[in-house]
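Enquirer: Following this message is one structure expressed as structure tokens.
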Amino acid sequence: MAIPMRKSSIAVLLLVILGNIGLWAWWNRPVAERSWAGAVAGVGYTPFHPDKSPTRGDKGSPESIEKDIAVLDGNVKGIRIYSTTDGSEHTVPIARRYGIPVTVGAWVQGKPEIDEPEIAGLIKVTRANSNVRRVLVGNEAILRADITVPQAIEYIRRIKKKVNVPVSTAEPWHVWLQHPELVEAADFMAVHLLPYWEGVPVDQAVDYAMFRYNELRAKYPNKHIVISEIGWPADGPWRRGAEATQVNQAKFIRNFLNIAAQNKLDYFIMEAFDQPWKREIEGSAGTSWGLWDANRAPKFPMVGEVLEIRNWPMMCGVSIAMAFLPLVFFLRRRNDLRIGGKIFYGAMIQAVASVLVFTFTAAANQGLAVSTEIAWGVLIFCQLVLLAVMLIDGLELTEVVWQERFRRKFHPCSAAPEPTAPKVSIHVPCYNEPPHMVIQTLDALARLDYPNFEVLLLDNNTKDPEVWKPVEQYCRQLGSKFRFFHLDNWPGYKAGALNFGLQQTAPDAEFVAVIDSDYQVHPDWLKATIPHFARPEVGFVQSPQDYRDWNRDLFQRMTNWEYAGFFHIGMIQRNERNAIIQHGTMTIIRKSAMDAVGHWGEWCITEDAELGLRLFEAGYEAVYMPESYGKGLVPDSFAAYKTQRFRWAYGAVQILKKHWRELLPGAKKLTTGQKYHFITGWLPWFADAAHLIFGMAGVVWSIGLLAFPKYFEFPPNAFMIPTLSVFAFKVAASLWLYEARVRCGFWDKVGAAVAGMALTHTVGRAVWQGLFTSGRPFVRTPKCENQPAFMQALLMAREEIGLMLGLWVAALAVVLVFGHENRDAFMWSGLLVVQSLPYLAALITSLINAFPEMRFGRPGSSTVVEAAD
């Protein structure tokens, strides 16, 4: 049955759409610039359409040139071409039919096999066409050091003897200033004035160009000056103060045209049409100097207001269409959210759609090089992953902050249990644990306020009798409810020991409970939870993991609050869709359900989560109570903390590899909500795996920028800005979630964030190993270990330190080499530094672990966690 939309949801939908339109309009608000109503005196012309490139041997065809000249006719008074061997030579006779004069160029490189055909072609086309008014032998050939000044002079003198029009070469202003002998040999000076490449801000650029022009005129008053290239790109990197935008291009061109008319300048605008192929030699800036785009459409009007993105209404419309169905789906189904949450998450959906439209449009406008297409494809995929993670985090934040009511909220039972209460078999697996710690666990179990239970202590493969014998003896002292089993050379790790325990479980036990050997349970644990099994569909009841004795150690305090985030935020939200993760302590399972779905999976090192998923697949429900009924010990060392998280992440990948079919759309065993949480709950771990690749790729790309700048350029801001924004959002969302659900001080929130971030590399490595391997052994998380020495702390984070230093060195090198002229260098370096933060967090956490005397917050304060209301 269709769910109707409330009036408030319709209002939110309209508000989000109007807000999106408003933002697009504000970002692309019209800019008033000085108008130009006349024709352009001259433009540079290269006859290549978007699918052609001279670097791969393509040539301009007469048919395409004919179409281009028809576009230029009436808009320009003259054309400059650069070569006579790449098809450009067809321009001259075609332009003659339209009455357009041409300045012909020969592209020379100081190589006879290239130069001689070019010069011969220049002479031939000049003699054959009366509309050739000037010729240029070479274009920045001296600047590139392809030829020397004497060679250029020799070429000029040689061509003068063959043609009856003025002859020169085209070079930037400073080459002419430095070489009077070149000026003397040439009939005129063909000067390039391109303030963008010199990093001049656009507001000063026309004045700067005129200053250089007047400088040449003052030094050579008797020599005619042709501004053979002048212009501004619509796209490209920042160069000191020069910003390449569509508005800035229009501003520069229109202002210059007015100045040129006032001063009767002889000039060629660089250039007629955008040339995507130039990305291969000049980067993104080289592609976008045209007055018309690559599809031969005008990029901006010469009269009236200018828009940065002229087709923004269409892009805005596409973004609205892309977001419409997800918005309607969200608003119709989430009537349990307050209106603030609907607006917040609706705006997120619309923002993601707008970013994707902008990104795909930018990608579609790029060059045709295969390397460029591959790079953009990878970047778009990465952005999709980042935005998906952001939407997942945003939904969790929305539900936590703005959810009006909880559909599945369970309270502890306070009534005294009946003497005939069902029997519970409590299994306590341990391996090589300190005897005094296990004895404390047994004492807590002995104090349970529940009439009918047994305890099975399952010592799994502990070799030293001095470790397990005292525990065995203590179990005898506690009476018949406590049984001790020592398993020697037992297979299956923890799962194998638990399966042995099932074989020894009392026949009349209806429920099996599991706690870790360091947990001290509350006397009310069973009394408060067993009544929830009154409903036969309940397969297991879970209480959160909680911890003790962490308050006076900064490292343990950080890890405690990091754990609290999952158990008091994530698990509560998962419980709303009956999709919690079963964790192998403080869990109680209906024994008949275990018998129905199979026992603990010995193939998986996260056997608890895997069993919980099988119970869901069998149709059972789970009950999650956020109240704490038992406290264990946090890991003593950063190495142990990493080992534990590696096991969880590696095991999660193994579970996905085995159960992925049940997570697909259309699979029947799991509900949509369960599929959502089991996919999205582990997706951030895959994002950590991607982060590992991104970090290494960032270093490699930086090396490419430094060593091979011709082939590598900075990623566009269309990717760098959203990436930095997603990181900022994740940090803000994490602090906001903790503020809403976990009652701890601000610095405890920061410490939890640092501890969680410190595990990024460990999780990423676990995911990659989990994807390509299987069967890693179960590694216990050691407790009560001595604090590591300083050098051990550095060794525990040695991989992270190496990656961090690599990113820092790359960021510093990029700033030193490019920072003086390209502002994008700072953006890229900032991105590398952000990439390094998880590795820095690992180093900080490891060093904190090495100094147990450090304090954090108010020592002695107790753990206070707010449950869901």
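Scheme for the structure tokens: letters A, B, ... for chains in order shown; per-chain residue numbers from 1; ligand numbers from 1 in order shown.
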Need the shell around range 267-283 of chain A: protein/DNA/RNA residues with any atom at most 7 Å away, counting only C-alpha atoms. Skip same-chain ones fewer than 3 positions apart. Format as a JSON list (two decimals) with C-alpha atoms, in the first residue's frame?
Expert:
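Result written to around.json:
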```json
[["chain", "number", "residue", "atom", "x", "y", "z"],
["A", 41, "ALA", "CA", 40.24, 42.38, -35.28],
["A", 42, "GLY", "CA", 41.80, 38.93, -35.32],
["A", 43, "VAL", "CA", 41.79, 35.48, -33.72],
["A", 44, "GLY", "CA", 44.20, 32.60, -33.62],
["A", 45, "TYR", "CA", 42.79, 29.52, -35.32],
["A", 48, "PHE", "CA", 40.83, 20.68, -34.68],
["A", 50, "PRO", "CA", 36.97, 17.72, -30.11],
["A", 53, "SER", "CA", 44.45, 15.90, -32.14],
["A", 226, "VAL", "CA", 51.30, 43.08, -33.70],
["A", 227, "ILE", "CA", 49.88, 41.51, -30.54],
["A", 228, "SER", "CA", 49.91, 38.03, -32.01],
["A", 229, "GLU", "CA", 48.37, 36.36, -28.91],
["A", 230, "ILE", "CA", 46.37, 37.88, -26.07],
["A", 231, "GLY", "CA", 43.58, 36.27, -24.06],
["A", 286, "GLY", "CA", 45.39, 25.08, -22.56],
["A", 287, "THR", "CA", 42.00, 23.74, -23.55],
["A", 288, "SER", "CA", 39.82, 26.76, -22.81],
["A", 289, "TRP", "CA", 41.15, 29.98, -24.41],
["A", 290, "GLY", "CA", 38.53, 30.06, -27.16],
["A", 291, "LEU", "CA", 35.88, 32.68, -27.68],
["A", 292, "TRP", "CA", 33.74, 29.73, -28.80],
["A", 293, "ASP", "CA", 33.74, 26.35, -27.05],
["A", 294, "ALA", "CA", 34.89, 23.14, -28.69],
["A", 296, "ARG", "CA", 31.56, 26.05, -31.78],
["A", 366, "GLN", "CA", 37.62, 17.42, -20.75],
["A", 367, "GLY", "CA", 40.10, 16.38, -23.41],
["A", 368, "LEU", "CA", 40.08, 13.24, -25.45],
["A", 710, "LYS", "CA", 53.80, 17.48, -18.86],
["A", 711, "TYR", "CA", 51.77, 14.35, -18.17],
["A", 713, "GLU", "CA", 48.27, 17.91, -13.46]]
```
Enquirer: Which residues are close to Gln504 in chain A, i.e. within 10 Å by only C-alpha atoms, leaving aside same-chain residues fewer than 3 positions away? Reply as a PyMOL selection string.
Expert: chain A and resi 425+456+483+485+498-501+507
Enquirer: Store the residues picked out above in a file with N, CA and C atoms, as a short mmCIF file (atom, residue, chain, number, x, y, z; two decimals), in the first residue's frame.
Expert:
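Output file again38.cif follows:
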```
data_model
loop_
_atom_site.label_atom_id
_atom_site.label_comp_id
_atom_site.auth_asym_id
_atom_site.auth_seq_id
_atom_site.Cartn_x
_atom_site.Cartn_y
_atom_site.Cartn_z
N SER A 425 22.75 -21.57 30.28
CA SER A 425 24.12 -22.10 30.33
C SER A 425 25.06 -20.98 29.90
N LEU A 456 30.10 -22.69 32.33
CA LEU A 456 31.12 -23.56 31.74
C LEU A 456 32.34 -22.70 31.40
N ARG A 483 31.58 -25.47 36.03
CA ARG A 483 32.36 -26.59 35.50
C ARG A 483 33.53 -26.05 34.67
N PHE A 485 36.66 -26.84 31.91
CA PHE A 485 37.14 -27.74 30.85
C PHE A 485 38.44 -27.18 30.28
N LEU A 498 33.67 -22.90 21.95
CA LEU A 498 32.25 -22.70 22.24
C LEU A 498 31.40 -23.86 21.74
N ASN A 499 31.75 -24.43 20.61
CA ASN A 499 31.02 -25.61 20.12
C ASN A 499 31.21 -26.80 21.06
N PHE A 500 32.41 -26.93 21.62
CA PHE A 500 32.61 -27.97 22.63
C PHE A 500 31.70 -27.70 23.83
N GLY A 501 31.61 -26.41 24.22
CA GLY A 501 30.74 -26.07 25.33
C GLY A 501 29.30 -26.46 25.08
N PRO A 507 21.27 -30.60 29.45
CA PRO A 507 20.17 -30.88 28.50
C PRO A 507 18.96 -29.99 28.72
#
```
Enquirer: Which neighbours of Gly138 in chain A fall inside 6 Å, counting only C-alpha atoms, when residues of the same chain fewer than 4 positions from it are skipped, and could you give them as a list in words?
Expert: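 Selected residues are Ala106, Trp107, Val108 and Thr169 of chain A.
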Enquirer: Step one, run DSSP on the backbone; step two, keep only residues of range 699-823 of chain A assigned to alpha helix (DSSP H); then write them as a VMD selection string.
Expert: chain A and resid 699 to 707 717 to 741 746 to 757 760 to 772 790 to 796 798 to 818
Enquirer: What lies within 12 Å of Leu837 in chain A using only C-alpha atoms, ignoring chain neighbours under 3 positions off, as a PyMOL selection string?
Expert: chain A and resi 691+695+727+731+753-761+800-801+803-805+807-808+830-834+840-845
Enquirer: Please dump the current selection as a short mmCIF file (atom, residue, chain, number, x, y, z; two decimals), in the first residue's frame; keep N, CA and C atoms.
Expert:
```
data_model
loop_
_atom_site.label_atom_id
_atom_site.label_comp_id
_atom_site.auth_asym_id
_atom_site.auth_seq_id
_atom_site.Cartn_x
_atom_site.Cartn_y
_atom_site.Cartn_z
N HIS A 691 40.99 4.35 1.33
CA HIS A 691 41.87 5.42 1.84
C HIS A 691 43.33 4.99 1.74
N GLY A 695 45.94 7.15 -0.38
CA GLY A 695 47.15 7.72 0.18
C GLY A 695 48.38 7.40 -0.65
N PHE A 727 35.31 15.05 4.39
CA PHE A 727 36.09 14.81 5.61
C PHE A 727 35.61 15.72 6.74
N VAL A 731 33.86 14.53 10.44
CA VAL A 731 34.33 14.95 11.76
C VAL A 731 33.21 15.63 12.53
N ALA A 753 37.51 10.23 18.78
CA ALA A 753 37.68 10.41 17.34
C ALA A 753 39.11 10.08 16.92
N VAL A 754 40.09 10.51 17.70
CA VAL A 754 41.49 10.22 17.38
C VAL A 754 41.74 8.72 17.44
N ALA A 755 41.23 8.06 18.48
CA ALA A 755 41.43 6.61 18.61
C ALA A 755 40.80 5.86 17.44
N GLY A 756 39.59 6.25 17.07
CA GLY A 756 38.95 5.58 15.93
C GLY A 756 39.69 5.83 14.63
N MET A 757 40.14 7.07 14.42
CA MET A 757 40.87 7.40 13.21
C MET A 757 42.19 6.65 13.15
N ALA A 758 42.77 6.39 14.32
CA ALA A 758 44.06 5.70 14.37
C ALA A 758 43.99 4.29 13.81
N LEU A 759 42.79 3.74 13.72
CA LEU A 759 42.62 2.37 13.23
C LEU A 759 42.38 2.30 11.73
N THR A 760 42.37 3.44 11.05
CA THR A 760 42.06 3.47 9.62
C THR A 760 42.95 2.54 8.82
N HIS A 761 44.25 2.63 9.04
CA HIS A 761 45.19 1.81 8.28
C HIS A 761 45.00 0.34 8.61
N GLU A 800 52.06 3.16 9.65
CA GLU A 800 51.36 4.44 9.58
C GLU A 800 52.34 5.61 9.52
N ILE A 801 53.43 5.51 10.28
CA ILE A 801 54.42 6.59 10.28
C ILE A 801 55.05 6.72 8.89
N LEU A 803 53.72 5.95 5.95
CA LEU A 803 52.76 6.57 5.03
C LEU A 803 52.57 8.06 5.34
N MET A 804 52.54 8.38 6.63
CA MET A 804 52.38 9.78 7.02
C MET A 804 53.55 10.62 6.51
N LEU A 805 54.77 10.15 6.71
CA LEU A 805 55.93 10.90 6.26
C LEU A 805 55.95 11.02 4.74
N LEU A 807 53.36 11.18 2.75
CA LEU A 807 52.38 12.20 2.36
C LEU A 807 52.87 13.59 2.71
N TRP A 808 53.51 13.73 3.88
CA TRP A 808 54.00 15.05 4.27
C TRP A 808 55.11 15.53 3.35
N GLY A 830 46.97 20.33 0.82
CA GLY A 830 46.03 20.20 1.93
C GLY A 830 45.32 18.86 1.91
N LEU A 831 44.98 18.38 0.71
CA LEU A 831 44.34 17.08 0.59
C LEU A 831 45.29 15.97 1.05
N LEU A 832 46.56 16.08 0.71
CA LEU A 832 47.54 15.08 1.16
C LEU A 832 47.67 15.11 2.68
N VAL A 833 47.67 16.31 3.26
CA VAL A 833 47.77 16.41 4.72
C VAL A 833 46.54 15.78 5.37
N VAL A 834 45.35 16.04 4.81
CA VAL A 834 44.14 15.42 5.33
C VAL A 834 44.24 13.90 5.23
N LEU A 840 48.69 10.11 11.38
CA LEU A 840 49.13 10.92 12.50
C LEU A 840 48.40 10.51 13.77
N ALA A 841 47.10 10.23 13.64
CA ALA A 841 46.32 9.77 14.79
C ALA A 841 46.87 8.47 15.35
N ALA A 842 47.32 7.57 14.47
CA ALA A 842 47.92 6.31 14.94
C ALA A 842 49.19 6.58 15.73
N LEU A 843 50.03 7.49 15.22
CA LEU A 843 51.26 7.82 15.95
C LEU A 843 50.94 8.44 17.30
N ILE A 844 49.99 9.38 17.32
CA ILE A 844 49.62 10.03 18.59
C ILE A 844 49.09 9.00 19.58
N THR A 845 48.20 8.13 19.12
CA THR A 845 47.61 7.13 20.00
C THR A 845 48.68 6.18 20.54
#
```
Enquirer: As a VMD selection string, please: the residues near range 121-132 of chain A (cut-off 6 Å, only C-alpha atoms, same-chain neighbours under 6 positions excluded).
Expert: chain A and resid 84 96 101 to 103
Enquirer: At a cut-off of 12 Å, using only C-alpha atoms, what residues contact range 771-776 of chain A? Leave out same-chain residues fewer than 3 positions from it and give the result as a short mmCIF file (atom, residue, chain, number, x, y, z; two decimals) with N, CA and C atoms, in the first residue's frame.
Expert:
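Okay, around.cif is ready:
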```cif
data_model
loop_
_atom_site.label_atom_id
_atom_site.label_comp_id
_atom_site.auth_asym_id
_atom_site.auth_seq_id
_atom_site.Cartn_x
_atom_site.Cartn_y
_atom_site.Cartn_z
N GLY A 492 39.63 -24.92 15.87
CA GLY A 492 38.50 -24.02 15.71
C GLY A 492 38.58 -22.73 16.51
N TYR A 493 39.68 -22.52 17.25
CA TYR A 493 39.87 -21.28 18.01
C TYR A 493 38.70 -21.08 18.97
N GLY A 601 30.38 -20.84 13.82
CA GLY A 601 31.13 -21.12 12.60
C GLY A 601 32.63 -21.10 12.84
N GLU A 602 33.24 -22.26 12.85
CA GLU A 602 34.68 -22.34 13.15
C GLU A 602 35.54 -21.83 11.98
N TRP A 603 34.92 -21.61 10.82
CA TRP A 603 35.67 -21.10 9.68
C TRP A 603 35.90 -19.59 9.77
N CYS A 604 35.17 -18.93 10.67
CA CYS A 604 35.15 -17.47 10.71
C CYS A 604 35.71 -16.97 12.04
N ILE A 605 36.62 -16.00 11.98
CA ILE A 605 37.22 -15.49 13.23
C ILE A 605 36.31 -14.47 13.92
N THR A 606 35.20 -14.09 13.29
CA THR A 606 34.17 -13.31 13.97
C THR A 606 32.90 -14.15 13.98
N PHE A 646 41.57 -5.42 13.64
CA PHE A 646 41.92 -6.18 12.44
C PHE A 646 41.05 -7.44 12.37
N ARG A 647 40.90 -8.10 13.50
CA ARG A 647 40.10 -9.33 13.52
C ARG A 647 38.65 -9.04 13.15
N TRP A 648 38.10 -7.97 13.69
CA TRP A 648 36.71 -7.63 13.39
C TRP A 648 36.54 -7.32 11.91
N ALA A 649 37.44 -6.52 11.35
CA ALA A 649 37.30 -6.12 9.94
C ALA A 649 37.55 -7.30 9.01
N TYR A 650 38.59 -8.08 9.29
CA TYR A 650 38.89 -9.24 8.46
C TYR A 650 37.71 -10.22 8.49
N GLY A 651 37.17 -10.45 9.69
CA GLY A 651 36.04 -11.35 9.81
C GLY A 651 34.81 -10.85 9.09
N ALA A 652 34.59 -9.53 9.12
CA ALA A 652 33.44 -8.96 8.41
C ALA A 652 33.53 -9.23 6.91
N VAL A 653 34.73 -9.12 6.36
CA VAL A 653 34.89 -9.38 4.93
C VAL A 653 34.60 -10.85 4.63
N GLN A 654 35.05 -11.76 5.50
CA GLN A 654 34.77 -13.18 5.30
C GLN A 654 33.27 -13.46 5.35
N ILE A 655 32.58 -12.76 6.26
CA ILE A 655 31.12 -12.93 6.35
C ILE A 655 30.46 -12.46 5.06
N LEU A 656 30.88 -11.32 4.55
CA LEU A 656 30.30 -10.81 3.31
C LEU A 656 30.58 -11.74 2.14
N LYS A 657 31.77 -12.31 2.11
CA LYS A 657 32.10 -13.23 1.03
C LYS A 657 31.22 -14.47 1.05
N LYS A 658 30.81 -14.88 2.24
CA LYS A 658 29.98 -16.09 2.34
C LYS A 658 28.49 -15.79 2.19
N PHE A 686 35.34 -0.48 4.10
CA PHE A 686 35.83 -0.52 2.73
C PHE A 686 36.34 0.85 2.30
N ALA A 689 39.75 0.96 3.37
CA ALA A 689 40.61 0.25 2.42
C ALA A 689 40.92 1.13 1.22
N GLY A 764 41.85 -0.84 6.90
CA GLY A 764 42.06 -0.92 5.46
C GLY A 764 42.88 -2.13 5.07
N ARG A 765 43.94 -2.38 5.83
CA ARG A 765 44.78 -3.55 5.54
C ARG A 765 44.00 -4.84 5.74
N ALA A 766 43.17 -4.88 6.79
CA ALA A 766 42.38 -6.08 7.06
C ALA A 766 41.39 -6.35 5.92
N VAL A 767 40.78 -5.29 5.39
CA VAL A 767 39.81 -5.47 4.31
C VAL A 767 40.49 -6.00 3.06
N TRP A 768 41.65 -5.42 2.70
CA TRP A 768 42.34 -5.90 1.51
C TRP A 768 42.78 -7.35 1.68
N VAL A 779 43.23 -14.35 16.62
CA VAL A 779 44.27 -13.83 17.51
C VAL A 779 43.57 -13.13 18.65
#
```
Enquirer: Can you measure CA of Pro419 in chain A to CA of Gly539 in chain A for me? One decimal in Å is fine.
Expert: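 Here the two named atoms are 23.0 Å from each other.
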Enquirer: Need the shell around range 330-346 of chain A: protein/DNA/RNA residues with any atom at most 7 Å away, counting only C-alpha atoms. Skip same-chain ones fewer than 4 positions apart. Format as a list in words?
Expert: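 Near neighbours after the sequence-gap exclusion: Ile3, Pro4, Met5, Ser9, Val12, Val16, Pro326, Gln350, Gly394, Leu395, Thr398, Trp402, Gln403, Glu404 and Arg405 of chain A.
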Enquirer: Just all heavy atoms for this one: save the residues we selected as a short mmCIF file (atom, residue, chain, number, x, y, z; two decimals), in the first residue's frame.
Expert:
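Printed below is result03.cif as written:
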```cif
data_model
loop_
_atom_site.label_atom_id
_atom_site.label_comp_id
_atom_site.auth_asym_id
_atom_site.auth_seq_id
_atom_site.Cartn_x
_atom_site.Cartn_y
_atom_site.Cartn_z
N ILE A 3 2.33 4.81 0.76
CA ILE A 3 2.34 5.65 1.95
C ILE A 3 2.13 7.09 1.52
O ILE A 3 2.92 7.62 0.74
CB ILE A 3 3.67 5.51 2.72
CG1 ILE A 3 3.89 4.05 3.10
CG2 ILE A 3 3.67 6.39 3.96
CD1 ILE A 3 5.24 3.79 3.71
N PRO A 4 1.06 7.75 1.97
CA PRO A 4 0.82 9.13 1.52
C PRO A 4 1.85 10.09 2.12
O PRO A 4 2.38 9.84 3.20
CB PRO A 4 -0.59 9.43 2.05
CG PRO A 4 -0.73 8.53 3.25
CD PRO A 4 0.02 7.28 2.92
N MET A 5 2.10 11.17 1.40
CA MET A 5 3.01 12.20 1.89
C MET A 5 2.23 13.20 2.73
O MET A 5 1.18 13.69 2.33
CB MET A 5 3.71 12.92 0.73
CG MET A 5 4.87 12.16 0.15
SD MET A 5 5.75 13.13 -1.11
CE MET A 5 6.56 14.35 -0.07
N SER A 9 5.77 17.13 4.67
CA SER A 9 6.79 16.54 3.80
C SER A 9 6.76 17.19 2.42
O SER A 9 7.81 17.42 1.82
CB SER A 9 6.55 15.03 3.67
OG SER A 9 6.75 14.40 4.91
N VAL A 12 8.56 20.35 2.76
CA VAL A 12 10.01 20.13 2.79
C VAL A 12 10.54 19.90 1.38
O VAL A 12 11.59 20.43 0.99
CB VAL A 12 10.35 18.93 3.71
CG1 VAL A 12 11.82 18.53 3.54
CG2 VAL A 12 10.07 19.28 5.16
N VAL A 16 13.37 22.22 -0.32
CA VAL A 16 14.66 21.71 -0.77
C VAL A 16 14.89 22.06 -2.24
O VAL A 16 15.98 22.48 -2.64
CB VAL A 16 14.74 20.19 -0.54
CG1 VAL A 16 15.96 19.60 -1.25
CG2 VAL A 16 14.81 19.88 0.96
N PRO A 326 14.52 9.88 -4.98
CA PRO A 326 15.04 9.59 -3.64
C PRO A 326 14.44 10.50 -2.56
O PRO A 326 14.16 10.04 -1.45
CB PRO A 326 16.55 9.84 -3.79
CG PRO A 326 16.82 9.61 -5.23
CD PRO A 326 15.61 10.10 -5.95
N GLN A 350 19.78 16.32 -2.08
CA GLN A 350 19.81 17.26 -3.20
C GLN A 350 21.24 17.77 -3.45
O GLN A 350 21.66 17.93 -4.60
CB GLN A 350 18.89 18.44 -2.90
CG GLN A 350 18.80 19.44 -4.04
CD GLN A 350 18.23 18.84 -5.31
OE1 GLN A 350 17.02 18.60 -5.40
NE2 GLN A 350 19.07 18.56 -6.29
N GLY A 394 25.10 10.65 7.18
CA GLY A 394 24.08 11.68 7.36
C GLY A 394 22.75 11.11 7.80
O GLY A 394 22.04 11.72 8.61
N LEU A 395 22.39 9.93 7.27
CA LEU A 395 21.13 9.30 7.68
C LEU A 395 21.19 8.90 9.15
O LEU A 395 20.23 9.09 9.90
CB LEU A 395 20.82 8.10 6.80
CG LEU A 395 19.50 7.38 7.12
CD1 LEU A 395 18.32 8.32 6.98
CD2 LEU A 395 19.32 6.16 6.22
N THR A 398 20.80 11.97 11.16
CA THR A 398 19.41 12.44 11.10
C THR A 398 18.54 11.63 12.04
O THR A 398 17.71 12.19 12.78
CB THR A 398 18.88 12.33 9.66
OG1 THR A 398 19.73 13.10 8.79
CG2 THR A 398 17.46 12.85 9.56
N TRP A 402 16.97 13.64 15.15
CA TRP A 402 15.61 14.12 14.87
C TRP A 402 14.54 13.03 14.90
O TRP A 402 13.40 13.29 14.53
CB TRP A 402 15.58 14.80 13.50
CG TRP A 402 16.22 16.15 13.50
CD1 TRP A 402 15.74 17.30 14.06
CD2 TRP A 402 17.47 16.50 12.89
NE1 TRP A 402 16.60 18.33 13.84
CE2 TRP A 402 17.68 17.88 13.12
CE3 TRP A 402 18.44 15.79 12.18
CZ2 TRP A 402 18.81 18.55 12.68
CZ3 TRP A 402 19.57 16.46 11.73
CH2 TRP A 402 19.75 17.83 11.98
N GLN A 403 14.87 11.83 15.33
CA GLN A 403 13.84 10.79 15.36
C GLN A 403 12.86 11.05 16.50
O GLN A 403 13.26 11.27 17.65
CB GLN A 403 14.49 9.40 15.51
CG GLN A 403 13.52 8.26 15.31
CD GLN A 403 14.24 6.94 15.02
OE1 GLN A 403 15.33 6.94 14.49
NE2 GLN A 403 13.63 5.85 15.40
N GLU A 404 11.56 11.02 16.19
CA GLU A 404 10.55 11.35 17.19
C GLU A 404 10.30 10.20 18.16
O GLU A 404 10.03 10.41 19.33
CB GLU A 404 9.24 11.71 16.49
CG GLU A 404 9.26 13.09 15.82
CD GLU A 404 7.91 13.47 15.26
OE1 GLU A 404 7.12 12.55 14.94
OE2 GLU A 404 7.64 14.68 15.15
N ARG A 405 10.37 8.99 17.70
CA ARG A 405 10.02 7.85 18.54
C ARG A 405 10.82 6.63 18.11
O ARG A 405 11.28 6.55 16.97
CB ARG A 405 8.53 7.55 18.45
CG ARG A 405 8.09 7.15 17.07
CD ARG A 405 6.58 7.03 16.94
NE ARG A 405 6.19 6.59 15.61
CZ ARG A 405 6.03 7.42 14.58
NH1 ARG A 405 6.25 8.72 14.73
NH2 ARG A 405 5.66 6.96 13.39
#
```
Enquirer: Nearest to Gln109 in chain A: which of A:Arg80, A:Arg144, A:Lys591, A:Arg133 is it, counting only C-alpha atoms?
Expert: A:Arg144
Enquirer: What is the distance between CA of Asn575 in chain A and CA of Val455 in chain A, in Å to one decimal?
Expert: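 For CA of Asn575 in chain A relative to CA of Val455 in chain A, the distance reads 28.3 Å.
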Enquirer: Choose the residue, out of A:Val175, A:Leu445, A:Val206, A:Leu663, that has the smallest atom-to-atom separation from Tyr629 in chain A; count only C-alpha atoms.
Expert: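 Nearest candidate to Tyr629 in chain A out of A:Val175, A:Leu445, A:Val206, A:Leu663: A:Leu445.
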